[in-house]
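Trainee: Before I ask anything, let me first share the structure, which is written out below as structure tokens.
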Amino acid sequence: MKKTTLALAILSATAASVQAGTITTDGPDIVVKTKGGFEAKTTDGSASFKLGGRIQLDYNNYDGVMNAVPGKDGSDLFFRRARLELEGHYQDWGYLMAYNLTEGGSIDLLHTTYMGWGPLALLTFGQQKEDFGLEDTGSSKRITTMERSMPANAFDTGNNLGVKLHGFNEDITYSLGAYKQNLDSNNDLNSAITGRFVVRPIHDGSNLVHLGVGYTTRDGDFTQLGARLGVRGGDAGNATRVRARYAAGVVADELKAWNAELAGSFGPVHAMAEYFDGKISGAMAAPDIKAQGYSVQLGWIITGETRTYKNEIGAFDKIKPAGVGGAYEVFARYDELDASDNKNVAPVQVIGETGNTITVGVNWYANELVKVALNYVHADTDQKIGGEDSGDAIVSRIQYAF
């Protein structure tokens with residue numbers, strides 16, 4: 001019977017002024033880690049437990065077409081995200097729960113995964129992320145820019161209840177899932193099917209080439225396709241969107257979309273590009289609403305580190321600083337969302353038609369847990385929205401991800 005001084009580790013992790021004690025286990029030895037959350041796992045790998053989360057505090061200042069209030073500047077200080085995460089496994093079963101502390105509190109993720117068939121055939125049940133797109137599949141705490149691109153935002157599939165078969169090895173990553181959208185007026189299930197396939201022809205540590213495609217088809221209630229112009233309006237939500245939408249009372253019942261992904265990492269330089277195309281249809285006596293868009297992004301870690309990559313999800317991951325002063329990264333992105341392939345006649349209203357943004361910024365990774373970000377965003381639209389067709393924003397964030 002082994003004794004492990006877990007209480008002392010918990011004391012260090014939580015800074016609680018309690019008296020240390022001991023916990024006795026009749027199983028294998030337990031290893032406790034407190035760097036980046038609290039984690040405990042058995043030495044034989046049969047069980048694990050980790051408590052983590054993320055805090056993202058943002059300050060945004062924006063004007064022009066980005067502000068839904070014409071002729072005014074907008075600004076806000078707000079928690080972009082605040083989540084607690086609990087994950088682990090026991091034998092062949094894993095679990096994950098993520099709870100959102102903002103906006104009144106809600107469960108973002110709650111699922112279990114069967115791992116008994118090996119990493120090439122994992123089966124996940126419950127509330128989970130639908131894998132669609134490179135940037136959207138990656139965690140919000142690991143993306144380079146503060147906000148995802150306009151096309152990624154427009155075709156975001158979100159987290160939904162369902163079942164997903166997925167797997168990975170050094171060369172490929174795939175997923176195929178069926179999910180619940182909602183219930184229709186007859187209490188019948190509206191569903192979604194989403195798939196993604198990624199291949200890595202080059203992957204040797206510091207060098208990576210990533211190619212991917214994805215497709216989703218969804219039943220439900222859809223009224224528009226659009227996205228914010230690169231900045232979030234904070235608690236007030238007053239950020240303009242480029243979009244095509246139906247008039248009130250007109251609802252489509254199907255969305256179909258596909259995307260293509262290209263990414264690479266070569267030492268301290270990393271790049272990615274994505275294309276999305278989709279439409280909503282099925283509104284009675286109304287035309288389809290279509291949208292397409294793309295983004296191109298280039299980043300350079302000037303302190304020499306390489307951005308990590310997770311085969312499990314086929315997406316970029318964290319940057320681990322090598323020196324005591326942290327790691328510094330500069331980047332630039334261009335993205336565009338085009339809703340011009342729609343007629344601006346009743347019941348369809350097209351706002352902005354085409355919008356694009358240029359985002360440049362710098363990230364300071366003070367350590368593995370703390371990131372400080374500063375982004376400048378310039379937006380243009382080909383039609384005026386509220387009397388404006390361009391705008392600028394300065395957005396900043398301090399993030400603690402543990």
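By order of appearance in the structure tokens: chains A, B, ..., then residues from 1 within every chain, and ligands from 1 in the order shown.
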Output as a list in words all residues of stretch 117-355 of chain A that backbone DSSP marks as alpha helix (DSSP H).

Mentor: Leu134, Glu135, Asp136, Thr137, Met150, Pro151, Ala152, Asn153 and Ala154 of chain A

Trainee: What's the separation between atom CA of A:Tyr328 and atom CA of A:Lys35, in Å to one decimal place?

Mentor: 21.3 Å

Trainee: From the DSSP assignment of the backbone, select every residue of stretch 125-360 of chain A that is strand (DSSP E or B), and format the answer as a tab-separated table (two decimals) with N, CA and C atoms, in the first residue's frame.

Mentor:
```tsv
chain	number	residue	atom	x	y	z
A	125	PHE	N	-19.08	10.04	-27.45
A	125	PHE	CA	-20.52	10.23	-27.26
A	125	PHE	C	-20.73	11.46	-26.39
A	126	GLY	N	-21.71	12.31	-26.77
A	126	GLY	CA	-22.08	13.42	-25.91
A	126	GLY	C	-21.92	14.77	-26.57
A	127	GLN	N	-21.93	15.82	-25.74
A	127	GLN	CA	-21.77	17.19	-26.22
A	127	GLN	C	-20.32	17.42	-26.57
A	128	GLN	N	-20.03	17.69	-27.86
A	128	GLN	CA	-18.66	17.72	-28.33
A	128	GLN	C	-18.51	18.69	-29.49
A	129	LYS	N	-17.26	19.00	-29.81
A	129	LYS	CA	-16.95	19.86	-30.94
A	129	LYS	C	-17.12	19.09	-32.24
A	159	ASN	N	-20.46	23.31	-30.88
A	159	ASN	CA	-20.45	22.10	-30.06
A	159	ASN	C	-21.88	21.57	-29.98
A	160	ASN	N	-22.05	20.30	-30.29
A	160	ASN	CA	-23.39	19.72	-30.32
A	160	ASN	C	-23.41	18.30	-29.77
A	161	LEU	N	-24.60	17.84	-29.43
A	161	LEU	CA	-24.80	16.51	-28.89
A	161	LEU	C	-24.79	15.49	-30.03
A	162	GLY	N	-23.96	14.45	-29.89
A	162	GLY	CA	-23.92	13.46	-30.96
A	162	GLY	C	-22.89	12.37	-30.70
A	163	VAL	N	-22.58	11.64	-31.77
A	163	VAL	CA	-21.60	10.56	-31.72
A	163	VAL	C	-20.63	10.76	-32.88
A	164	LYS	N	-19.34	10.55	-32.61
A	164	LYS	CA	-18.31	10.81	-33.61
A	164	LYS	C	-17.28	9.68	-33.60
A	165	LEU	N	-16.99	9.17	-34.79
A	165	LEU	CA	-15.89	8.23	-34.99
A	165	LEU	C	-14.71	9.03	-35.51
A	166	HIS	N	-13.58	8.92	-34.84
A	166	HIS	CA	-12.42	9.71	-35.25
A	166	HIS	C	-11.15	8.96	-34.90
A	167	GLY	N	-10.03	9.39	-35.48
A	167	GLY	CA	-8.77	8.72	-35.22
A	167	GLY	C	-7.61	9.46	-35.85
A	168	PHE	N	-6.40	8.97	-35.56
A	168	PHE	CA	-5.20	9.65	-36.04
A	168	PHE	C	-4.00	8.71	-35.95
A	172	ILE	N	-2.23	10.85	-40.82
A	172	ILE	CA	-3.60	11.27	-41.09
A	172	ILE	C	-4.36	11.57	-39.80
A	173	THR	N	-5.42	12.36	-39.95
A	173	THR	CA	-6.42	12.59	-38.91
A	173	THR	C	-7.78	12.63	-39.60
A	174	TYR	N	-8.78	11.99	-39.01
A	174	TYR	CA	-10.11	12.01	-39.62
A	174	TYR	C	-11.18	12.06	-38.53
A	175	SER	N	-12.37	12.48	-38.93
A	175	SER	CA	-13.54	12.42	-38.04
A	175	SER	C	-14.79	12.38	-38.89
A	176	LEU	N	-15.80	11.67	-38.39
A	176	LEU	CA	-17.11	11.60	-39.02
A	176	LEU	C	-18.14	11.45	-37.92
A	177	GLY	N	-19.07	12.42	-37.85
A	177	GLY	CA	-20.01	12.40	-36.76
A	177	GLY	C	-21.42	12.76	-37.17
A	178	ALA	N	-22.37	12.33	-36.35
A	178	ALA	CA	-23.78	12.69	-36.51
A	178	ALA	C	-24.22	13.38	-35.23
A	179	TYR	N	-24.93	14.51	-35.37
A	179	TYR	CA	-25.21	15.37	-34.23
A	179	TYR	C	-26.65	15.86	-34.25
A	180	LYS	N	-27.13	16.24	-33.09
A	180	LYS	CA	-28.44	16.85	-32.95
A	180	LYS	C	-28.33	18.35	-33.16
A	181	GLN	N	-29.18	18.89	-34.04
A	181	GLN	CA	-29.29	20.33	-34.20
A	181	GLN	C	-30.35	20.90	-33.25
A	182	ASN	N	-31.57	20.43	-33.38
A	182	ASN	CA	-32.68	20.87	-32.53
A	182	ASN	C	-33.88	19.97	-32.82
A	183	LEU	N	-35.03	20.35	-32.31
A	183	LEU	CA	-36.28	19.67	-32.62
A	183	LEU	C	-37.15	20.61	-33.43
A	189	LEU	N	-36.47	15.12	-34.71
A	189	LEU	CA	-35.06	15.49	-34.55
A	189	LEU	C	-34.51	16.08	-35.84
A	190	ASN	N	-33.92	17.27	-35.75
A	190	ASN	CA	-33.12	17.84	-36.82
A	190	ASN	C	-31.66	17.51	-36.56
A	191	SER	N	-30.96	17.02	-37.57
A	191	SER	CA	-29.64	16.47	-37.35
A	191	SER	C	-28.60	17.10	-38.27
A	192	ALA	N	-27.34	16.78	-38.00
A	192	ALA	CA	-26.22	17.23	-38.82
A	192	ALA	C	-25.24	16.09	-38.98
A	193	ILE	N	-24.59	16.02	-40.13
A	193	ILE	CA	-23.51	15.08	-40.38
A	193	ILE	C	-22.30	15.90	-40.82
A	194	THR	N	-21.18	15.72	-40.13
A	194	THR	CA	-19.98	16.51	-40.40
A	194	THR	C	-18.77	15.59	-40.46
A	195	GLY	N	-17.97	15.77	-41.49
A	195	GLY	CA	-16.76	14.96	-41.65
A	195	GLY	C	-15.56	15.81	-42.00
A	196	ARG	N	-14.37	15.31	-41.67
A	196	ARG	CA	-13.12	16.01	-41.97
A	196	ARG	C	-12.00	14.99	-42.15
A	197	PHE	N	-11.13	15.25	-43.13
A	197	PHE	CA	-9.99	14.36	-43.36
A	197	PHE	C	-8.75	15.20	-43.59
A	198	VAL	N	-7.68	14.85	-42.89
A	198	VAL	CA	-6.41	15.58	-42.95
A	198	VAL	C	-5.29	14.60	-43.25
A	199	VAL	N	-4.37	15.00	-44.14
A	199	VAL	CA	-3.19	14.22	-44.43
A	199	VAL	C	-1.96	15.11	-44.23
A	200	ARG	N	-0.87	14.51	-43.72
A	200	ARG	CA	0.37	15.24	-43.47
A	200	ARG	C	1.50	14.60	-44.28
A	201	PRO	N	1.75	15.04	-45.51
A	201	PRO	CA	2.82	14.45	-46.31
A	201	PRO	C	4.20	14.71	-45.75
A	202	ILE	N	4.36	15.80	-44.98
A	202	ILE	CA	5.60	16.10	-44.28
A	202	ILE	C	5.28	16.36	-42.83
A	203	HIS	N	5.95	15.66	-41.95
A	203	HIS	CA	5.76	15.87	-40.51
A	203	HIS	C	6.94	15.25	-39.77
A	207	ASN	N	9.16	20.57	-39.05
A	207	ASN	CA	8.63	20.82	-40.39
A	207	ASN	C	7.31	20.07	-40.57
A	208	LEU	N	6.32	20.76	-41.12
A	208	LEU	CA	4.99	20.18	-41.26
A	208	LEU	C	4.32	20.72	-42.52
A	209	VAL	N	3.65	19.83	-43.26
A	209	VAL	CA	2.73	20.23	-44.31
A	209	VAL	C	1.40	19.54	-44.04
A	210	HIS	N	0.34	20.32	-44.00
A	210	HIS	CA	-1.00	19.86	-43.62
A	210	HIS	C	-1.96	20.15	-44.77
A	211	LEU	N	-2.70	19.13	-45.19
A	211	LEU	CA	-3.74	19.27	-46.22
A	211	LEU	C	-5.03	18.68	-45.67
A	212	GLY	N	-6.15	19.40	-45.83
A	212	GLY	CA	-7.39	18.90	-45.26
A	212	GLY	C	-8.61	19.33	-46.04
A	213	VAL	N	-9.68	18.57	-45.90
A	213	VAL	CA	-10.98	18.91	-46.48
A	213	VAL	C	-12.06	18.57	-45.46
A	214	GLY	N	-13.20	19.25	-45.58
A	214	GLY	CA	-14.30	18.99	-44.67
A	214	GLY	C	-15.64	19.24	-45.34
A	215	TYR	N	-16.68	18.62	-44.79
A	215	TYR	CA	-18.03	18.78	-45.34
A	215	TYR	C	-19.04	18.65	-44.21
A	216	THR	N	-20.09	19.48	-44.27
A	216	THR	CA	-21.18	19.36	-43.31
A	216	THR	C	-22.51	19.58	-44.00
A	217	THR	N	-23.51	18.79	-43.62
A	217	THR	CA	-24.89	18.98	-44.07
A	217	THR	C	-25.77	18.97	-42.84
A	218	ARG	N	-26.69	19.95	-42.74
A	218	ARG	CA	-27.39	20.19	-41.50
A	218	ARG	C	-28.86	20.52	-41.76
A	219	ASP	N	-29.74	19.91	-40.97
A	219	ASP	CA	-31.15	20.26	-40.96
A	219	ASP	C	-31.41	21.14	-39.74
A	220	GLY	N	-32.30	22.11	-39.90
A	220	GLY	CA	-32.60	22.98	-38.77
A	220	GLY	C	-33.28	24.25	-39.23
A	221	ASP	N	-33.19	25.29	-38.43
A	221	ASP	CA	-33.77	26.58	-38.75
A	221	ASP	C	-32.64	27.57	-39.02
A	222	PHE	N	-32.55	28.06	-40.27
A	222	PHE	CA	-31.48	28.97	-40.68
A	222	PHE	C	-32.10	30.20	-41.33
A	224	GLN	N	-29.79	33.17	-41.96
A	224	GLN	CA	-28.75	34.03	-42.50
A	224	GLN	C	-27.42	33.31	-42.58
A	225	LEU	N	-26.52	33.87	-43.41
A	225	LEU	CA	-25.12	33.50	-43.45
A	225	LEU	C	-24.32	34.79	-43.34
A	226	GLY	N	-23.42	34.87	-42.37
A	226	GLY	CA	-22.64	36.09	-42.20
A	226	GLY	C	-21.67	35.97	-41.06
A	227	ALA	N	-20.90	37.05	-40.84
A	227	ALA	CA	-19.90	37.05	-39.79
A	227	ALA	C	-19.55	38.47	-39.40
A	228	ARG	N	-19.04	38.62	-38.18
A	228	ARG	CA	-18.52	39.91	-37.72
A	228	ARG	C	-17.28	40.29	-38.52
A	239	ALA	N	-21.33	44.78	-32.79
A	239	ALA	CA	-20.36	44.74	-33.87
A	239	ALA	C	-21.09	44.37	-35.15
A	241	ARG	N	-22.08	43.02	-38.89
A	241	ARG	CA	-21.87	41.79	-39.63
A	241	ARG	C	-22.09	42.01	-41.11
A	242	VAL	N	-21.24	41.39	-41.92
A	242	VAL	CA	-21.52	41.24	-43.35
A	242	VAL	C	-22.34	39.97	-43.49
A	243	ARG	N	-23.49	40.05	-44.17
A	243	ARG	CA	-24.36	38.88	-44.20
A	243	ARG	C	-25.44	39.01	-45.26
A	244	ALA	N	-26.00	37.87	-45.60
A	244	ALA	CA	-27.23	37.80	-46.37
A	244	ALA	C	-28.26	37.11	-45.49
A	245	ARG	N	-29.46	37.66	-45.41
A	245	ARG	CA	-30.46	37.12	-44.49
A	245	ARG	C	-31.85	37.20	-45.11
A	246	TYR	N	-32.73	36.34	-44.58
A	246	TYR	CA	-34.13	36.39	-44.96
A	246	TYR	C	-34.87	37.41	-44.10
A	252	ALA	N	-35.07	28.95	-43.63
A	252	ALA	CA	-34.61	27.80	-44.41
A	252	ALA	C	-34.44	26.60	-43.48
A	253	ASP	N	-34.43	25.39	-44.06
A	253	ASP	CA	-34.33	24.20	-43.21
A	253	ASP	C	-33.11	23.34	-43.52
A	254	GLU	N	-32.17	23.84	-44.34
A	254	GLU	CA	-30.99	23.04	-44.65
A	254	GLU	C	-29.78	23.93	-44.89
A	255	LEU	N	-28.62	23.50	-44.40
A	255	LEU	CA	-27.35	24.15	-44.68
A	255	LEU	C	-26.37	23.09	-45.16
A	256	LYS	N	-25.65	23.39	-46.24
A	256	LYS	CA	-24.59	22.54	-46.72
A	256	LYS	C	-23.36	23.39	-46.95
A	257	ALA	N	-22.19	22.88	-46.55
A	257	ALA	CA	-20.96	23.64	-46.72
A	257	ALA	C	-19.77	22.69	-46.81
A	258	TRP	N	-18.72	23.16	-47.47
A	258	TRP	CA	-17.48	22.40	-47.54
A	258	TRP	C	-16.30	23.36	-47.39
A	259	ASN	N	-15.15	22.81	-47.06
A	259	ASN	CA	-13.98	23.66	-46.91
A	259	ASN	C	-12.72	22.91	-47.31
A	260	ALA	N	-11.66	23.66	-47.59
A	260	ALA	CA	-10.34	23.12	-47.89
A	260	ALA	C	-9.31	23.82	-47.02
A	261	GLU	N	-8.29	23.07	-46.59
A	261	GLU	CA	-7.29	23.59	-45.67
A	261	GLU	C	-5.88	23.33	-46.20
A	262	LEU	N	-5.00	24.29	-46.01
A	262	LEU	CA	-3.58	24.15	-46.33
A	262	LEU	C	-2.79	24.86	-45.24
A	263	ALA	N	-1.82	24.16	-44.67
A	263	ALA	CA	-1.03	24.77	-43.61
A	263	ALA	C	0.37	24.19	-43.63
A	264	GLY	N	1.30	24.94	-43.05
A	264	GLY	CA	2.67	24.48	-42.96
A	264	GLY	C	3.39	25.15	-41.81
A	265	SER	N	4.41	24.48	-41.32
A	265	SER	CA	5.26	25.02	-40.26
A	265	SER	C	6.69	24.59	-40.55
A	266	PHE	N	7.58	25.58	-40.60
A	266	PHE	CA	8.99	25.31	-40.90
A	266	PHE	C	9.83	26.09	-39.90
A	269	VAL	N	8.59	29.65	-38.50
A	269	VAL	CA	7.61	30.23	-39.42
A	269	VAL	C	6.44	29.27	-39.60
A	270	HIS	N	5.23	29.78	-39.52
A	270	HIS	CA	4.04	28.94	-39.75
A	270	HIS	C	3.05	29.71	-40.61
A	271	ALA	N	2.27	28.98	-41.40
A	271	ALA	CA	1.31	29.59	-42.32
A	271	ALA	C	0.10	28.70	-42.44
A	272	MET	N	-1.03	29.32	-42.79
A	272	MET	CA	-2.25	28.54	-43.01
A	272	MET	C	-3.18	29.31	-43.94
A	273	ALA	N	-3.98	28.55	-44.70
A	273	ALA	CA	-4.98	29.13	-45.58
A	273	ALA	C	-6.20	28.21	-45.58
A	274	GLU	N	-7.39	28.82	-45.65
A	274	GLU	CA	-8.63	28.04	-45.69
A	274	GLU	C	-9.62	28.67	-46.67
A	275	TYR	N	-10.46	27.82	-47.25
A	275	TYR	CA	-11.53	28.26	-48.13
A	275	TYR	C	-12.83	27.59	-47.69
A	276	PHE	N	-13.92	28.36	-47.66
A	276	PHE	CA	-15.23	27.84	-47.28
A	276	PHE	C	-16.25	28.23	-48.35
A	277	ASP	N	-17.22	27.35	-48.57
A	277	ASP	CA	-18.30	27.62	-49.52
A	277	ASP	C	-19.55	26.91	-49.01
A	278	GLY	N	-20.70	27.61	-48.99
A	278	GLY	CA	-21.91	26.96	-48.50
A	278	GLY	C	-23.16	27.75	-48.81
A	279	LYS	N	-24.30	27.13	-48.51
A	279	LYS	CA	-25.57	27.79	-48.75
A	279	LYS	C	-26.62	27.24	-47.78
A	280	ILE	N	-27.65	28.05	-47.54
A	280	ILE	CA	-28.84	27.59	-46.83
A	280	ILE	C	-29.99	27.58	-47.83
A	281	SER	N	-30.86	26.59	-47.71
A	281	SER	CA	-31.93	26.41	-48.69
A	281	SER	C	-33.15	25.78	-48.01
A	289	ILE	N	-29.62	31.12	-50.03
A	289	ILE	CA	-28.65	32.13	-49.63
A	289	ILE	C	-27.27	31.48	-49.65
A	290	LYS	N	-26.34	32.11	-50.37
A	290	LYS	CA	-25.01	31.54	-50.56
A	290	LYS	C	-23.94	32.47	-49.99
A	291	ALA	N	-22.83	31.88	-49.59
A	291	ALA	CA	-21.68	32.66	-49.14
A	291	ALA	C	-20.42	31.83	-49.34
A	292	GLN	N	-19.33	32.52	-49.54
A	292	GLN	CA	-18.03	31.88	-49.66
A	292	GLN	C	-16.97	32.81	-49.11
A	293	GLY	N	-15.83	32.25	-48.75
A	293	GLY	CA	-14.78	33.10	-48.22
A	293	GLY	C	-13.50	32.34	-48.02
A	294	TYR	N	-12.44	33.11	-47.76
A	294	TYR	CA	-11.13	32.49	-47.56
A	294	TYR	C	-10.31	33.34	-46.61
A	295	SER	N	-9.26	32.74	-46.08
A	295	SER	CA	-8.32	33.46	-45.22
A	295	SER	C	-6.91	32.94	-45.49
A	296	VAL	N	-5.93	33.83	-45.33
A	296	VAL	CA	-4.51	33.50	-45.48
A	296	VAL	C	-3.78	34.14	-44.32
A	297	GLN	N	-2.94	33.36	-43.63
A	297	GLN	CA	-2.28	33.85	-42.42
A	297	GLN	C	-0.82	33.40	-42.40
A	298	LEU	N	0.06	34.30	-41.95
A	298	LEU	CA	1.48	34.00	-41.84
A	298	LEU	C	1.98	34.48	-40.49
A	299	GLY	N	2.73	33.62	-39.78
A	299	GLY	CA	3.27	33.98	-38.48
A	299	GLY	C	4.74	33.64	-38.36
A	300	TRP	N	5.45	34.41	-37.53
A	300	TRP	CA	6.88	34.19	-37.29
A	300	TRP	C	7.15	34.35	-35.80
A	301	ILE	N	7.69	33.31	-35.20
A	301	ILE	CA	8.08	33.35	-33.79
A	301	ILE	C	9.51	33.87	-33.75
A	309	TYR	N	1.91	21.07	-32.81
A	309	TYR	CA	0.80	20.59	-33.62
A	309	TYR	C	0.28	19.31	-32.99
A	310	LYS	N	-1.05	19.15	-32.93
A	310	LYS	CA	-1.66	17.97	-32.32
A	310	LYS	C	-2.21	17.05	-33.39
A	315	ALA	N	-4.56	19.95	-35.86
A	315	ALA	CA	-4.59	21.40	-35.75
A	315	ALA	C	-3.38	21.87	-34.96
A	316	PHE	N	-3.03	23.14	-35.15
A	316	PHE	CA	-1.93	23.74	-34.40
A	316	PHE	C	-2.28	23.84	-32.92
A	327	ALA	N	8.32	33.92	-25.21
A	327	ALA	CA	8.41	33.85	-26.67
A	327	ALA	C	7.59	34.98	-27.28
A	328	TYR	N	8.10	35.52	-28.39
A	328	TYR	CA	7.41	36.60	-29.10
A	328	TYR	C	7.07	36.15	-30.51
A	329	GLU	N	5.85	36.49	-30.93
A	329	GLU	CA	5.34	36.09	-32.24
A	329	GLU	C	4.71	37.30	-32.92
A	330	VAL	N	5.00	37.48	-34.22
A	330	VAL	CA	4.33	38.49	-35.02
A	330	VAL	C	3.60	37.77	-36.15
A	331	PHE	N	2.50	38.36	-36.62
A	331	PHE	CA	1.69	37.67	-37.63
A	331	PHE	C	0.89	38.68	-38.44
A	332	ALA	N	0.37	38.20	-39.57
A	332	ALA	CA	-0.53	38.98	-40.41
A	332	ALA	C	-1.55	38.04	-41.03
A	333	ARG	N	-2.79	38.51	-41.21
A	333	ARG	CA	-3.84	37.70	-41.82
A	333	ARG	C	-4.72	38.58	-42.71
A	334	TYR	N	-5.11	38.01	-43.84
A	334	TYR	CA	-6.12	38.62	-44.69
A	334	TYR	C	-7.26	37.62	-44.83
A	335	ASP	N	-8.50	38.09	-44.65
A	335	ASP	CA	-9.65	37.21	-44.83
A	335	ASP	C	-10.78	37.97	-45.50
A	336	GLU	N	-11.66	37.20	-46.16
A	336	GLU	CA	-12.75	37.79	-46.91
A	336	GLU	C	-13.97	36.89	-46.85
A	337	LEU	N	-15.13	37.50	-46.74
A	337	LEU	CA	-16.40	36.79	-46.82
A	337	LEU	C	-17.25	37.46	-47.90
A	338	ASP	N	-17.71	36.66	-48.86
A	338	ASP	CA	-18.42	37.17	-50.03
A	338	ASP	C	-19.84	36.62	-50.04
A	348	VAL	N	-34.89	38.37	-49.46
A	348	VAL	CA	-33.47	38.33	-49.12
A	348	VAL	C	-32.94	39.75	-48.99
A	349	GLN	N	-32.21	40.00	-47.90
A	349	GLN	CA	-31.53	41.28	-47.72
A	349	GLN	C	-30.04	41.00	-47.59
A	350	VAL	N	-29.24	41.67	-48.42
A	350	VAL	CA	-27.79	41.50	-48.39
A	350	VAL	C	-27.18	42.74	-47.76
A	351	ILE	N	-26.41	42.55	-46.70
A	351	ILE	CA	-25.81	43.66	-45.95
A	351	ILE	C	-24.30	43.59	-46.15
A	354	THR	N	-19.79	42.04	-49.62
A	354	THR	CA	-18.45	41.47	-49.43
A	354	THR	C	-17.71	42.30	-48.39
A	355	GLY	N	-17.11	41.61	-47.44
A	355	GLY	CA	-16.29	42.27	-46.43
A	355	GLY	C	-14.94	41.60	-46.33
A	356	ASN	N	-13.92	42.38	-46.01
A	356	ASN	CA	-12.60	41.81	-45.80
A	356	ASN	C	-11.89	42.54	-44.67
A	357	THR	N	-10.98	41.84	-44.03
A	357	THR	CA	-10.20	42.45	-42.96
A	357	THR	C	-8.73	42.10	-43.12
A	358	ILE	N	-7.89	43.03	-42.68
A	358	ILE	CA	-6.46	42.80	-42.53
A	358	ILE	C	-6.15	42.88	-41.05
A	359	THR	N	-5.54	41.84	-40.51
A	359	THR	CA	-5.21	41.79	-39.10
A	359	THR	C	-3.71	41.59	-38.95
A	360	VAL	N	-3.07	42.44	-38.17
A	360	VAL	CA	-1.66	42.28	-37.83
A	360	VAL	C	-1.55	42.35	-36.32
```

Trainee: Please measure the separation of atom CA of A:Ala285 and atom CA of A:Asp188, giving the value in Å to one decimal.

Mentor: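 Taking atom CA of A:Ala285 as the start and atom CA of A:Asp188 as the end point, the length is 22.9 Å.
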
Trainee: A:Thr308, A:Leu120, A:Val32, A:Ser106: which is nearest A:Glu170, counting only C-alpha atoms?

Mentor: A:Leu120

Trainee: Considering only C-alpha atoms, state which residue in the set A:Thr112, A:Asn186, A:Asn60, A:Ser206 is at the smallest distance from A:Glu305.

Mentor: A:Ser206

Trainee: Do you have the atom CA of A:Ser396-atom CA of A:Asp382 distance handy?

Mentor: 27.1 Å

Trainee: Each residue of stretch 314-399 of chain A with at least one atom at most 6 Å from stretch 43-57 of chain A should appear once, together with its nearest atom pair and the corresponding distance in Å (one decimal); atoms considered: only C-alpha atoms; ordering: chain, then increasing residue number; output as a Markdown table.

Mentor:
```
| residue | atom | partner | partner_atom | distance |
| --- | --- | --- | --- | --- |
| A:Arg397 | CA | A:Leu57 | CA | 5.5 |
| A:Ile398 | CA | A:Leu57 | CA | 5.5 |
| A:Gln399 | CA | A:Gln56 | CA | 4.5 |
```

Trainee: Could you save those same residues with C-alpha atoms as a short mmCIF file (atom, residue, chain, number, x, y, z; two decimals), in the first residue's frame?

Mentor:
```
data_model
loop_
_atom_site.label_atom_id
_atom_site.label_comp_id
_atom_site.auth_asym_id
_atom_site.auth_seq_id
_atom_site.Cartn_x
_atom_site.Cartn_y
_atom_site.Cartn_z
CA ARG A 397 -6.12 40.27 -24.45
CA ILE A 398 -4.49 38.73 -21.43
CA GLN A 399 -5.02 34.98 -21.27
#
```
